[in-house]
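Peer 1: Let me begin by handing over the structure; questions about it come next.
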Amino acid sequence: MIGHSFLLAKLLISVSGSFTPAPPQLVTQTVPRLITAPKIPEKKNRTVCTGSYCIPSDYDQLAVPDKPSVPLQVKIDLDQVRIIEFDDRKFTVSLSMFLAVHWMEDRLYGPAPSPTAPYQAIDTQFIENLWVPDIYIYNMEGINRILTDFKGRLFVVNGREIYFRQEVVVTLWCPMRFEFYPLDQQECKFRIGSFSFPLSRLVFSVSNLEQELSRPNTLLDYTRMDELTSPDQMFVSHAKGNYSVTGFRLQIKRRVFKFIVNYYLPAGLFVLVSWASFLIPPDLIPGRMNLLVALFLVLINIFNSVTRQIPNS
C-alpha cells in the first residue's frame with residue numbers, strides 16, 4: 001500500500017508551482033477518482049520549513065503520525081452542502097460542499113499557538129512534504145474542483161493540527177427505487193474513509209456538518225432535502241480488517257406539483273369531457289366517434305410524453 005498516503009494530496013490539491021490565488025474562474029476541472037501511486041519520495045536529510053513551521057530532517061512521509069495502540073483521529077468538516085444535480089436516469093446525485101480534513105501532526109514544530117488566532121495559514125505546497133490520510137469516498141463517480149487555479153487552503157491549528165479545506169463538487173452513485181414514481185422518496189449516503197489503513201490505524205468522524213439552505217436549486221425534481229444527519233460510526237469489513245467510515249444520509253422527496261398540473265389534471269379533464277358523449281343522441285354516431293377518437297389520441301400523446309420522462313423502474 002506504499003504511496004496511498006498521498007491520495008488526498010493528488011486527489012484534491014495536485015499542487016504544482018508556488019501557491020498564488022488567482023481571480024475566480026467558472027471553469028471546472030475533473031479530477032480522477034483513483035490515481036496510480038506516485039513514486040516513493042526521496043528522503044530529505046534537511047529540515048523543511050514554511051513560514052514559522054518546520055518538519056525535522058528525519059521526518060518519514062510514509063509513517064502515520066499515530067501513537068502506539070491509539071489510532072489517529074481524522075476529522076471531516078462538510079460545510080454548505082447542497083444538491084446541484086439529481087439524475088434519476090444515471091442514478092447519480094451531485095453535491096457541492098466545502099470539504100475539510102484535519103488531523104494531528106505532532107512531528108510539526110513551530111511557535112507557540114496563539115489563543116486569539118488558532119488558525120495560521122501556510123503555503124499549500126507544503127503539504128507535499130507531509131503525511132496525508134488516503135481519503136476514499138465510497139460510490140463516487142467523480143470529483144471536481146470549483147476553481148482550477150485555486151488549490152485550497154492549508155492551515156496549522158493550535159500549532160499541531162493540519163487543516164486542509166477546499167470547495168468541491170462530488171458526484172455519487174445512489175441506489176434508487178421508482179415503484180411509487182412520482183411519489184417516490186430516495187435515500188443517498190455520502191461515506192468517506194481510508195483506502196488502505198484499517199480501524200486500528202485511522203478513525204474517521206464528522207466534526208462539522210452544515211446544510212446550505214440559502215441557495216437551493218429550484219429546478220430539480222425534489223421538493224426538499226431533509227436535515228442532514230450524521231449516523232453512528234460505520235465500519236466496512238474486508239478481508240484485511242475493519243475500516244472506519246463516516247458521512248451522512250440524504251433523504252430526498254420528489255416534487256409532485258408539476259406532475260399533477262402537467263399530467264394528472266389534464267388527463268382527468270379529458271376523461272370528464274369524454275362523458276359528454278353520453279349527452280349526444282345515439283343516432284349521431286359520427287359526432288360521438290369524432291369526440292372519443294380525438295380524446296383517445298390526446299391521452300396517447302400524454303402517455304408517450306410521460307414514458308419518455310420517467311426513469312427505468
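Labels used: A, B, ... for chains in the order of the C-alpha cells, numbers from 1 for residues in each chain, and numbers from 1 for ligands as shown.
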Which polymer residues have any atom within 9 Å of an atom of Asp60 in chain A, counting only C-alpha atoms, with same-chain residues fewer than 3 positions away left out, as a PyMOL selection string?

Peer 2: chain A and resi 43+57+63-64+130-131

Peer 1: Report the residues of range 25-194 of chain A whose backbone DSSP state falls under helix (DSSP H, G or I), written as a PyMOL selection string.

Peer 2: chain A and resi 124-129

Peer 1: Any chance you can output those residues with N, CA and C atoms as a compact mmCIF listing (two decimals), in the first residue's frame?

Peer 2:
# COMPACT_ATOMS: atom_id res chain seq x y z
N THR A 124 0.17 26.23 0.67
CA THR A 124 -0.49 24.96 0.35
C THR A 124 0.49 23.94 -0.19
N GLN A 125 1.53 24.38 -0.86
CA GLN A 125 2.51 23.46 -1.43
C GLN A 125 3.26 22.68 -0.36
N PHE A 126 3.23 23.16 0.86
CA PHE A 126 3.95 22.49 1.95
C PHE A 126 3.39 21.09 2.23
N ILE A 127 2.14 20.85 1.81
CA ILE A 127 1.53 19.54 2.09
C ILE A 127 2.23 18.42 1.32
N GLU A 128 2.99 18.77 0.28
CA GLU A 128 3.74 17.75 -0.44
C GLU A 128 4.83 17.13 0.42
N ASN A 129 5.18 17.78 1.49
CA ASN A 129 6.21 17.26 2.39
C ASN A 129 5.64 16.53 3.59

Peer 1: What residues in range 65-211 of chain A get the DSSP label strand (DSSP E or B)? Please answer as an MDAnalysis selection string.

Peer 2: chainID A and resid 67 70 72:87 92:104 109 119:122 135:137 140:145 153:157 161:173 185:194 202:211

Peer 1: Residues within 7 Å of range 168-185 of chain A, please, as a ChimeraX atom specification. Count only C-alpha atoms; anything in the same chain fewer than 2 positions from it doesn't count.

Peer 2: /A:91-99,139-146,166,187-188,252-254,256,313

Peer 1: Which of these, A:Gly241, A:Gly159, A:Gly247, A:Pro56, has the shortest distance to Phe204 in chain A once you count only C-alpha atoms?

Peer 2: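 Residue with the minimum atom-to-atom distance to Phe204 in chain A: A:Gly247.
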
Peer 1: In Å, how far is it from CA of Thr116 in chain A to CA of Val203 in chain A?

Peer 2: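 Answer for the CA of Thr116 in chain A to CA of Val203 in chain A separation: 29.2 Å.
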
Peer 1: For a quick check of understanding, using only C-alpha atoms, which of A:Leu295, A:Val74, A:Arg288, A:Phe195 has the smallest distance to Gly268 in chain A?

Peer 2: A:Leu295

Peer 1: Closest to Lys240 in chain A among A:Lys258, A:Tyr138, A:Ser277, A:Ser196, using only C-alpha atoms?

Peer 2: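 That would be A:Ser196, the residue with the smallest distance to Lys240 in chain A.
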
Peer 1: Quick one: pull the distance between CA of Asp87 in chain A and CA of Lys189 in chain A, Å, one decimal.

Peer 2: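 If I compute the distance from CA of Asp87 in chain A to CA of Lys189 in chain A, I get 15.2 Å.
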
Peer 1: List the neighbours of Arg201 in chain A out to 10 Å using only C-alpha atoms; skip same-chain residues closer than 6 positions along the sequence, and give me the result as a list in words.

Peer 2: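 These residues fall inside the cut-off: Val64, Pro65, Asp66, Lys67, Pro68, Ser69, Val70, Pro71, Leu72, Gln73, Ser194, Tyr243 and Ser244 of chain A.
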
Peer 1: Just the selected residues (N, CA, C and O atoms), exported as a PDB file, in the first residue's frame, please.

Peer 2:
ATOM      1  N   VAL A  64       2.433   6.961   9.557  1.00  0.00           N
ATOM      2  CA  VAL A  64       1.232   7.568  10.135  1.00  0.00           C
ATOM      3  C   VAL A  64       1.589   8.202  11.475  1.00  0.00           C
ATOM      4  O   VAL A  64       2.233   7.559  12.309  1.00  0.00           O
ATOM      5  N   PRO A  65       1.175   9.444  11.708  1.00  0.00           N
ATOM      6  CA  PRO A  65       1.520  10.094  12.982  1.00  0.00           C
ATOM      7  C   PRO A  65       0.623   9.655  14.129  1.00  0.00           C
ATOM      8  O   PRO A  65       0.089  10.483  14.878  1.00  0.00           O
ATOM      9  N   ASP A  66       0.424   8.350  14.261  1.00  0.00           N
ATOM     10  CA  ASP A  66      -0.386   7.839  15.367  1.00  0.00           C
ATOM     11  C   ASP A  66       0.516   7.407  16.512  1.00  0.00           C
ATOM     12  O   ASP A  66       1.739   7.346  16.381  1.00  0.00           O
ATOM     13  N   LYS A  67      -0.095   7.086  17.631  1.00  0.00           N
ATOM     14  CA  LYS A  67       0.635   6.637  18.800  1.00  0.00           C
ATOM     15  C   LYS A  67       0.417   5.146  18.993  1.00  0.00           C
ATOM     16  O   LYS A  67      -0.567   4.594  18.493  1.00  0.00           O
ATOM     17  N   PRO A  68       1.303   4.466  19.708  1.00  0.00           N
ATOM     18  CA  PRO A  68       1.134   3.024  19.908  1.00  0.00           C
ATOM     19  C   PRO A  68      -0.215   2.688  20.538  1.00  0.00           C
ATOM     20  O   PRO A  68      -0.614   3.276  21.544  1.00  0.00           O
ATOM     21  N   SER A  69      -0.939   1.764  19.894  1.00  0.00           N
ATOM     22  CA  SER A  69      -2.245   1.278  20.356  1.00  0.00           C
ATOM     23  C   SER A  69      -3.322   2.353  20.363  1.00  0.00           C
ATOM     24  O   SER A  69      -4.419   2.126  20.863  1.00  0.00           O
ATOM     25  N   VAL A  70      -3.051   3.532  19.798  1.00  0.00           N
ATOM     26  CA  VAL A  70      -4.041   4.612  19.732  1.00  0.00           C
ATOM     27  C   VAL A  70      -4.166   5.048  18.279  1.00  0.00           C
ATOM     28  O   VAL A  70      -3.214   5.614  17.720  1.00  0.00           O
ATOM     29  N   PRO A  71      -5.300   4.782  17.632  1.00  0.00           N
ATOM     30  CA  PRO A  71      -5.439   5.176  16.224  1.00  0.00           C
ATOM     31  C   PRO A  71      -5.495   6.697  16.076  1.00  0.00           C
ATOM     32  O   PRO A  71      -5.905   7.420  16.989  1.00  0.00           O
ATOM     33  N   LEU A  72      -5.090   7.163  14.927  1.00  0.00           N
ATOM     34  CA  LEU A  72      -5.114   8.592  14.632  1.00  0.00           C
ATOM     35  C   LEU A  72      -6.537   9.029  14.306  1.00  0.00           C
ATOM     36  O   LEU A  72      -7.224   8.386  13.507  1.00  0.00           O
ATOM     37  N   GLN A  73      -6.985  10.117  14.919  1.00  0.00           N
ATOM     38  CA  GLN A  73      -8.318  10.656  14.668  1.00  0.00           C
ATOM     39  C   GLN A  73      -8.261  11.606  13.465  1.00  0.00           C
ATOM     40  O   GLN A  73      -7.572  12.622  13.507  1.00  0.00           O
ATOM     41  N   SER A 194     -10.842   5.652   4.866  1.00  0.00           N
ATOM     42  CA  SER A 194      -9.484   5.382   4.416  1.00  0.00           C
ATOM     43  C   SER A 194      -9.489   4.281   3.370  1.00  0.00           C
ATOM     44  O   SER A 194     -10.308   3.360   3.411  1.00  0.00           O
ATOM     45  N   TYR A 243     -12.572  -1.165   8.509  1.00  0.00           N
ATOM     46  CA  TYR A 243     -12.178   0.180   8.120  1.00  0.00           C
ATOM     47  C   TYR A 243     -13.205   1.182   8.641  1.00  0.00           C
ATOM     48  O   TYR A 243     -14.410   0.952   8.555  1.00  0.00           O
ATOM     49  N   SER A 244     -12.701   2.274   9.163  1.00  0.00           N
ATOM     50  CA  SER A 244     -13.555   3.317   9.702  1.00  0.00           C
ATOM     51  C   SER A 244     -14.149   4.143   8.565  1.00  0.00           C
ATOM     52  O   SER A 244     -13.432   4.561   7.650  1.00  0.00           O
TER      53      SER A 244
END

Peer 1: Using only C-alpha atoms, find the one residue out of A:Phe86, A:Tyr163, A:Phe270, A:Tyr53 that sits nearest to Met104 in chain A.

Peer 2: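 Nearest candidate to Met104 in chain A out of A:Phe86, A:Tyr163, A:Phe270, A:Tyr53: A:Tyr163.
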
Peer 1: Report as a compact mmCIF listing (two decimals) with N, CA, C and O atoms, in the first residue's frame all protein, DNA and RNA residues lying within 7 Å of Leu108 in chain A, evaluated on only C-alpha atoms, omitting residues in the same chain fewer than 6 positions from it.

Peer 2:
# COMPACT_ATOMS: atom_id res chain seq x y z
N TYR A 53 6.81 27.31 10.59
CA TYR A 53 6.59 25.91 10.91
C TYR A 53 7.52 25.03 10.09
O TYR A 53 7.73 25.27 8.89
N CYS A 54 8.06 24.00 10.74
CA CYS A 54 9.04 23.13 10.12
C CYS A 54 8.76 21.67 10.48
O CYS A 54 8.08 21.37 11.46
N ILE A 55 9.33 20.78 9.67
CA ILE A 55 9.35 19.36 9.99
C ILE A 55 10.81 18.94 10.11
O ILE A 55 11.68 19.49 9.42
N ARG A 160 -0.28 22.25 16.12
CA ARG A 160 -0.01 20.84 15.89
C ARG A 160 -1.00 20.17 14.94
O ARG A 160 -0.75 19.05 14.51

Peer 1: What's the separation between CA of Ile137 in chain A and CA of Thr246 in chain A, in Å to one decimal place?

Peer 2: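 Going from CA of Ile137 in chain A over to CA of Thr246 in chain A covers 9.8 Å.
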